[in-house]
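The structure appears below as structure tokens.
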Amino acid sequence: MAGKKREIQLQAVINNQSLWDEMMQNKGLTVIDVYQAWCGPCKAMQTLFRKLKNELNEDELLHFAVAEADSIVTLQPFRDKCEPVFLFSVNGTIVAKIQGANAPLVNQKIIALVNEERKIAAGEMVRPQYHEIAFVDSDSEDAGELNYEGVDQIYTIVIIKPDAVAARKVQEIKEKIIKAGFVIEAEDKKPLTEEQVKHFYSQIVDQPDFEDFVSFMTRNLSYILVVSQAKAKQPSWDESEVNSETESKEPWDEQQEMAKPSRMKGNLQQYLEIQQISQFCDVEENITNTKFIDVLIPDFKKIRGIKFEKILALLRPALANERTEDVLNKIQDEGFKILLQRQIVLSEEEAKTLCKEYENKDYFGNVIENMTSGPSLALVLVRENGLGHWKQLIGPSNVEEAKEYFPECLCAQFAIEGLPINQLYGSDSLEAAEREIQHFFPPQHTVALIKPHVTQEQREDIMKIIKETGFDITQMKETLLIEEEAEKIYFKIKRKAFYKDVLDVLAEGTSLVMILTKWNAVSDWRRLMGPTDPEEARLLSPDSIRAQFGKNILKNAVHGASNMEEAMETISRMFEDFVPENLEEN
Ligand SMILES: Nc1ncnc2c1ncn2[C@@H]1O[C@H](COP(=O)(O)OP(=O)(O)OP(=O)(O)O)[C@@H](O)[C@H]1O
């Protein structure tokens, strides 16, 4: 009897519009189970609600209700639903909707919203501006759009803050997040726009130093990660499995306990705190509405889950000498983008490392001799699932086997008479790829400047081109280049007649100064900029940045160091704390 009484008190029964309107006056969170007359409220979920009510112990902030869809005008859109719908009302605004008895998702949502209410009540955060969700039927929505709360994928956004990006903490943080069982669905390194900062940090917009914070975030590089949790088999939330009197035996709890040793479940913020890296990141968890993510990563829906992988590929000398063009066409036809390429005569040591798989063969000596006999062509290729695709494309290491079983593969197609080995090499793993790319294409730094006349939109376009060309924007700062600051960049033209005009153009507004990093960065950046005079650029190099964004010889959009010495000199003057990494003369 006592159990039954508790159950009645747990959820307010809302069976007409005026009771609904009254309920909307509740302070804090109200979780409403919207049900159909023919099936009644969700019994299984009541067990979860009771557990949360006990655990959270929040009579003022947390309320539960059941509402019959048919009897309330507001709930008309749910009349024909054949599964329960849970609505989450905060201070009278419906802020979320979950379709189906998805206990883990409902559990997470309640905990997150109650925690938010607690923080607001304690004055630790300001109430966010809620957007009432639409009561549309998610079955009739575009199936490709995951806009509403009916999805079972929950995302977390991690913003690695500019000071941590500058201190090169990104890799370490990413590795820790992956190790804990989270999946990086999308990532981007960029300065946030004002709109993005206000969107992500909506809870602190009223703080007095928020404007300074916006300026800091928009002038420096942040690293944005969208992560999800690797999916675990979720327990059924079947009433028959649940003993409501012995709450410690809940199946979901048990499964969570069992899952803990192999992967970190739940709160990423907590995990980052334990790892002592939370000070470098700001985290927003439990995001089920991808529109929130779209503001930060606009093409998120397109790139979600796609793994672009970089690998090192090599055409051995005999093939590089005879049929490079055919091979490159084939590689591109297979969807690979050639990011970098160079000819290189391998040393004996390099050849031995790359031909390790043949070291026990009697022809190993011949292979090494052949490998060092002339230039090989090294390539950095990128493609979705690049590693697996490349392995499949090149085929087995042995020519006979390739010809017999995989005649379409590159090993068979591009075999060289008298040589039993695959004429193409590819990295064996992503770790090997990173190592090999670093070895054959050692990174170089250059300095780049986007001039003041370039609009914000054009700046973003230029940065996109820079990234697509394979540059890493390693450091960035927005600054007004006047007097000594301008001289730090333009010291070599100080005595030219046009120096004063250059200074006048720079004084018109702030410039964006960047350190760009990639193999051959100095000359590749100059090539990407194009000729100094935009008129000439439009004629000779129409795809170049100056051709696209330059107005005249002074307002020619961008600047770059002319050589390695100038690049290093400028970097050390502009970015005093920057320590170059793996700097190679290439
Ligand atoms: N003849 C000129 N008349 C007016 N301005 C010029 C002239 N030549 C160069 N400039 C300006 O001075 C800047 C620096 O000149 P510099 O000779 O270093 O050009 P650059 O090496 O071709 O290009 P940058 O150094 O900008 O990458 C140029 O970007 C351009 O805006």
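Residues are named by chain letter and number: chains run A, B, ... in the order of the structure tokens, numbers start at 1 in each chain, and ligands are numbered from 1 in the order shown.
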
Within 8 Å of ligand 1, counting only C-alpha atoms and all ligand atoms, residues as an mmCIF file with N, CA and C atoms, in the first residue's frame:
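That gives us selection36.cif:
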```
data_model
loop_
_atom_site.group_PDB
_atom_site.id
_atom_site.type_symbol
_atom_site.label_atom_id
_atom_site.label_comp_id
_atom_site.auth_asym_id
_atom_site.auth_seq_id
_atom_site.Cartn_x
_atom_site.Cartn_y
_atom_site.Cartn_z
ATOM 1 N N TYR A 490 57.722 44.034 -41.701
ATOM 2 C CA TYR A 490 58.196 44.612 -42.966
ATOM 3 C C TYR A 490 59.599 45.210 -42.860
ATOM 4 N N LYS A 492 62.332 44.329 -43.979
ATOM 5 C CA LYS A 492 63.196 44.265 -45.173
ATOM 6 C C LYS A 492 62.848 45.324 -46.226
ATOM 7 N N ILE A 493 61.681 45.985 -46.114
ATOM 8 C CA ILE A 493 61.366 47.024 -47.120
ATOM 9 C C ILE A 493 61.388 48.432 -46.519
ATOM 10 N N PHE A 498 57.949 52.974 -51.156
ATOM 11 C CA PHE A 498 56.526 52.714 -50.886
ATOM 12 C C PHE A 498 56.252 52.261 -49.443
ATOM 13 N N TYR A 499 57.316 52.265 -48.588
ATOM 14 C CA TYR A 499 57.141 51.767 -47.216
ATOM 15 C C TYR A 499 56.062 52.554 -46.460
ATOM 16 N N ASP A 501 53.506 54.081 -47.677
ATOM 17 C CA ASP A 501 52.159 53.699 -48.156
ATOM 18 C C ASP A 501 51.725 52.371 -47.541
ATOM 19 N N VAL A 502 52.687 51.465 -47.421
ATOM 20 C CA VAL A 502 52.381 50.166 -46.805
ATOM 21 C C VAL A 502 51.916 50.389 -45.366
ATOM 22 N N ARG A 526 53.845 31.221 -50.531
ATOM 23 C CA ARG A 526 54.052 32.258 -51.556
ATOM 24 C C ARG A 526 53.292 31.896 -52.834
ATOM 25 N N MET A 529 49.667 32.577 -52.268
ATOM 26 C CA MET A 529 49.346 34.017 -52.281
ATOM 27 C C MET A 529 49.239 34.535 -53.711
ATOM 28 N N PRO A 531 51.196 36.380 -57.307
ATOM 29 C CA PRO A 531 52.027 37.561 -57.540
ATOM 30 C C PRO A 531 51.594 38.761 -56.684
ATOM 31 N N THR A 532 52.576 39.646 -56.358
ATOM 32 C CA THR A 532 52.330 40.774 -55.453
ATOM 33 C C THR A 532 51.168 41.656 -55.923
ATOM 34 N N ASP A 533 51.144 41.951 -57.233
ATOM 35 C CA ASP A 533 50.094 42.830 -57.758
ATOM 36 C C ASP A 533 48.866 41.975 -58.150
ATOM 37 N N ASN A 552 44.467 46.086 -54.941
ATOM 38 C CA ASN A 552 45.550 46.721 -55.693
ATOM 39 C C ASN A 552 46.876 46.322 -55.042
ATOM 40 N N ILE A 553 47.974 46.840 -55.533
ATOM 41 C CA ILE A 553 49.278 46.343 -55.054
ATOM 42 C C ILE A 553 49.476 46.564 -53.540
ATOM 43 N N LEU A 554 48.874 47.629 -52.991
ATOM 44 C CA LEU A 554 49.019 47.859 -51.548
ATOM 45 C C LEU A 554 47.996 47.045 -50.753
ATOM 46 N N LYS A 555 46.781 47.018 -51.291
ATOM 47 C CA LYS A 555 45.735 46.223 -50.619
ATOM 48 C C LYS A 555 45.665 44.862 -51.320
ATOM 49 N N ASN A 556 46.755 44.117 -51.163
ATOM 50 C CA ASN A 556 46.830 42.836 -51.883
ATOM 51 C C ASN A 556 46.535 41.646 -50.961
ATOM 52 N N VAL A 558 47.187 39.659 -48.626
ATOM 53 C CA VAL A 558 48.032 38.851 -47.744
ATOM 54 C C VAL A 558 49.524 39.147 -47.933
ATOM 55 N N HIS A 559 50.289 38.692 -46.979
ATOM 56 C CA HIS A 559 51.753 38.822 -47.044
ATOM 57 C C HIS A 559 52.363 37.514 -46.560
ATOM 58 N N GLY A 560 53.561 37.250 -47.008
ATOM 59 C CA GLY A 560 54.261 36.064 -46.529
ATOM 60 C C GLY A 560 55.749 36.300 -46.544
ATOM 61 N N ALA A 561 56.467 35.559 -45.698
ATOM 62 C CA ALA A 561 57.927 35.696 -45.685
ATOM 63 C C ALA A 561 58.490 35.208 -47.022
ATOM 64 N N SER A 562 59.598 35.838 -47.444
ATOM 65 C CA SER A 562 60.188 35.478 -48.730
ATOM 66 C C SER A 562 61.055 34.240 -48.645
#
```

Looking only at the backbone, which of the residues in range 289-400 of chain A does DSSP tag as strand (DSSP E or B), as a VMD selection string?
chain A and resid 308 to 315 337 to 344 376 to 384 398

Let me see the file: selected residues, N, CA and C atoms, as a tab-separated table (two decimals), in the first residue's frame.
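Output below, filename again.tsv:
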```tsv
chain	number	residue	atom	x	y	z
A	308	PHE	N	38.58	11.16	-41.84
A	308	PHE	CA	39.54	11.46	-42.88
A	308	PHE	C	40.91	11.03	-42.38
A	309	GLU	N	41.52	10.11	-43.09
A	309	GLU	CA	42.81	9.59	-42.62
A	309	GLU	C	43.92	9.92	-43.62
A	310	LYS	N	45.04	10.36	-43.06
A	310	LYS	CA	46.20	10.68	-43.89
A	310	LYS	C	47.16	9.51	-43.88
A	311	ILE	N	47.68	9.15	-45.04
A	311	ILE	CA	48.69	8.08	-45.07
A	311	ILE	C	49.86	8.49	-45.94
A	312	LEU	N	50.97	7.80	-45.75
A	312	LEU	CA	52.11	8.00	-46.64
A	312	LEU	C	52.09	6.88	-47.68
A	313	ALA	N	52.22	7.26	-48.94
A	313	ALA	CA	52.33	6.26	-50.01
A	313	ALA	C	53.63	6.52	-50.75
A	314	LEU	N	54.15	5.48	-51.36
A	314	LEU	CA	55.43	5.64	-52.06
A	314	LEU	C	55.43	4.83	-53.34
A	315	LEU	N	55.83	5.46	-54.43
A	315	LEU	CA	56.01	4.73	-55.69
A	315	LEU	C	57.50	4.42	-55.77
A	337	LYS	N	42.82	12.44	-52.10
A	337	LYS	CA	43.35	13.76	-52.44
A	337	LYS	C	44.85	13.71	-52.19
A	338	ILE	N	45.62	14.17	-53.17
A	338	ILE	CA	47.08	14.19	-52.98
A	338	ILE	C	47.42	15.50	-52.28
A	339	LEU	N	47.80	15.37	-51.00
A	339	LEU	CA	48.04	16.57	-50.20
A	339	LEU	C	49.46	17.09	-50.41
A	340	LEU	N	50.42	16.18	-50.46
A	340	LEU	CA	51.82	16.55	-50.66
A	340	LEU	C	52.48	15.51	-51.56
A	341	GLN	N	53.47	15.94	-52.33
A	341	GLN	CA	54.27	14.96	-53.07
A	341	GLN	C	55.68	15.47	-53.27
A	342	ARG	N	56.62	14.57	-53.24
A	342	ARG	CA	58.01	14.94	-53.51
A	342	ARG	C	58.77	13.72	-53.99
A	343	GLN	N	59.77	14.01	-54.83
A	343	GLN	CA	60.68	12.94	-55.24
A	343	GLN	C	61.77	12.83	-54.21
A	344	ILE	N	62.18	11.62	-53.92
A	344	ILE	CA	63.23	11.46	-52.92
A	344	ILE	C	64.03	10.19	-53.19
A	376	SER	N	62.33	7.85	-55.68
A	376	SER	CA	60.97	7.34	-55.45
A	376	SER	C	60.06	8.55	-55.40
A	377	LEU	N	58.77	8.32	-55.51
A	377	LEU	CA	57.83	9.43	-55.35
A	377	LEU	C	57.05	9.19	-54.06
A	378	ALA	N	57.26	10.12	-53.10
A	378	ALA	CA	56.54	10.00	-51.83
A	378	ALA	C	55.29	10.88	-51.89
A	379	LEU	N	54.19	10.37	-51.36
A	379	LEU	CA	52.92	11.11	-51.41
A	379	LEU	C	52.26	11.11	-50.04
A	380	VAL	N	51.59	12.20	-49.71
A	380	VAL	CA	50.69	12.15	-48.55
A	380	VAL	C	49.28	12.18	-49.13
A	381	LEU	N	48.54	11.13	-48.84
A	381	LEU	CA	47.18	11.01	-49.38
A	381	LEU	C	46.16	11.15	-48.27
A	382	VAL	N	45.04	11.73	-48.59
A	382	VAL	CA	43.97	11.82	-47.58
A	382	VAL	C	42.66	11.39	-48.22
A	383	ARG	N	41.90	10.67	-47.44
A	383	ARG	CA	40.60	10.17	-47.91
A	383	ARG	C	39.82	9.70	-46.70
A	384	GLU	N	38.50	9.64	-46.85
A	384	GLU	CA	37.67	9.05	-45.80
A	384	GLU	C	38.10	7.59	-45.66
A	398	ASN	N	52.96	-9.42	-52.66
A	398	ASN	CA	53.57	-10.31	-53.64
A	398	ASN	C	52.85	-10.23	-54.99
```

With only C-alpha atoms as the counted atoms, please give the residues lying no more than 9 Å from range 421-433 of chain A, apart from itself and same-chain residues fewer than 4 positions off, as a ChimeraX atom specification.
/A:309-320,354-355,358,367,387,390-391,394-400,402,410-412,414-416,437-438

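Taking CA of Asn107 in chain A and CA of Gln275 in chain A as endpoints, the distance between them is 25.3 Å.
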
Nearest to Thr218 in chain A by atom-to-atom distance, counting only C-alpha atoms, from A:Leu512, A:Val295, A:Leu328, A:Ala521
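Distance minimum relative to Thr218 in chain A lands on A:Leu512.
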
If we count only C-alpha atoms and set the cut-off at 7 Å, which residues sit around Thr372 in chain A, ignoring sequence neighbours fewer than 5 positions away in its own chain? Please answer as JSON, numbers by chain.
{"A": [345, 346, 347, 348, 351]}

From the set A:Leu113, A:Ile277, A:Glu404, A:Ile473, which residue has the shortest atom-to-atom contact distance to Arg127 in chain A, counting only C-alpha atoms?
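Answer, going by the shortest atom-to-atom distance: A:Leu113.
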
Restricting the calculation to only C-alpha atoms, which member of A:Arg168, A:Arg219, A:Arg118, A:Arg527 is positioned closest to Val579 in chain A?
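Going through A:Arg168, A:Arg219, A:Arg118, A:Arg527 one by one, the smallest distance to Val579 in chain A is for A:Arg168.
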
Tell me, as a PyMOL selection string, which residues lie within 8 Å of Phe549 in chain A, counting only C-alpha atoms; anything in the same chain fewer than 4 positions away does not count.
chain A and resi 454+458+545+556-557

Written file, previous selection with N, CA and C atoms, as a compact mmCIF listing (two decimals), in the first residue's frame:
```
# COMPACT_ATOMS: atom_id res chain seq x y z
N VAL A 454 40.77 43.28 -45.70
CA VAL A 454 40.05 42.02 -45.94
C VAL A 454 38.89 41.93 -44.94
N GLN A 458 35.72 37.38 -45.83
CA GLN A 458 36.85 37.01 -46.68
C GLN A 458 37.96 36.34 -45.86
N ILE A 545 45.26 33.58 -53.79
CA ILE A 545 44.51 34.41 -52.84
C ILE A 545 44.49 35.88 -53.27
N ASN A 556 46.75 44.12 -51.16
CA ASN A 556 46.83 42.84 -51.88
C ASN A 556 46.54 41.65 -50.96
N ALA A 557 45.72 41.88 -49.98
CA ALA A 557 45.11 40.84 -49.12
C ALA A 557 46.05 40.15 -48.13
```

Exercise: Ile14 in chain A partners within 8 Å, only C-alpha atoms, chain neighbours under 5 positions left out, as a list in words
Leu19, Trp20, Ala65, Val66, Ala67 and Glu68 of chain A

Which is closer to Ile94 in chain A than all the others in A:Glu132, A:Asp282, A:Glu273, A:Glu58, using only C-alpha atoms?
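Among the listed residues, A:Glu132 lies closest to Ile94 in chain A.
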
Closest of A:Asn15, A:Thr510, A:Gln332, A:Gln392 to Glu408 in chain A - atom-to-atom distances counting only C-alpha atoms
A:Gln392

Pick out the closest residue to Ala37 in chain A from this set: A:Glu569, A:Glu369, A:Glu484, A:Asp80. Count only C-alpha atoms.
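Checking each candidate against Ala37 in chain A, we get A:Asp80 as the closest.
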
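What separates CA of Phe440 in chain A from CA of Glu350 in chain A is a distance of 9.9 Å.
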
So that I can see what lies close to Pro84 in chain A, please list as a ChimeraX atom specification the residues with an atom at most 12 Å from it, counting only C-alpha atoms and leaving out residues fewer than 5 positions away in the same chain.
/A:32-45,66-69,78-79,97-103,106,150
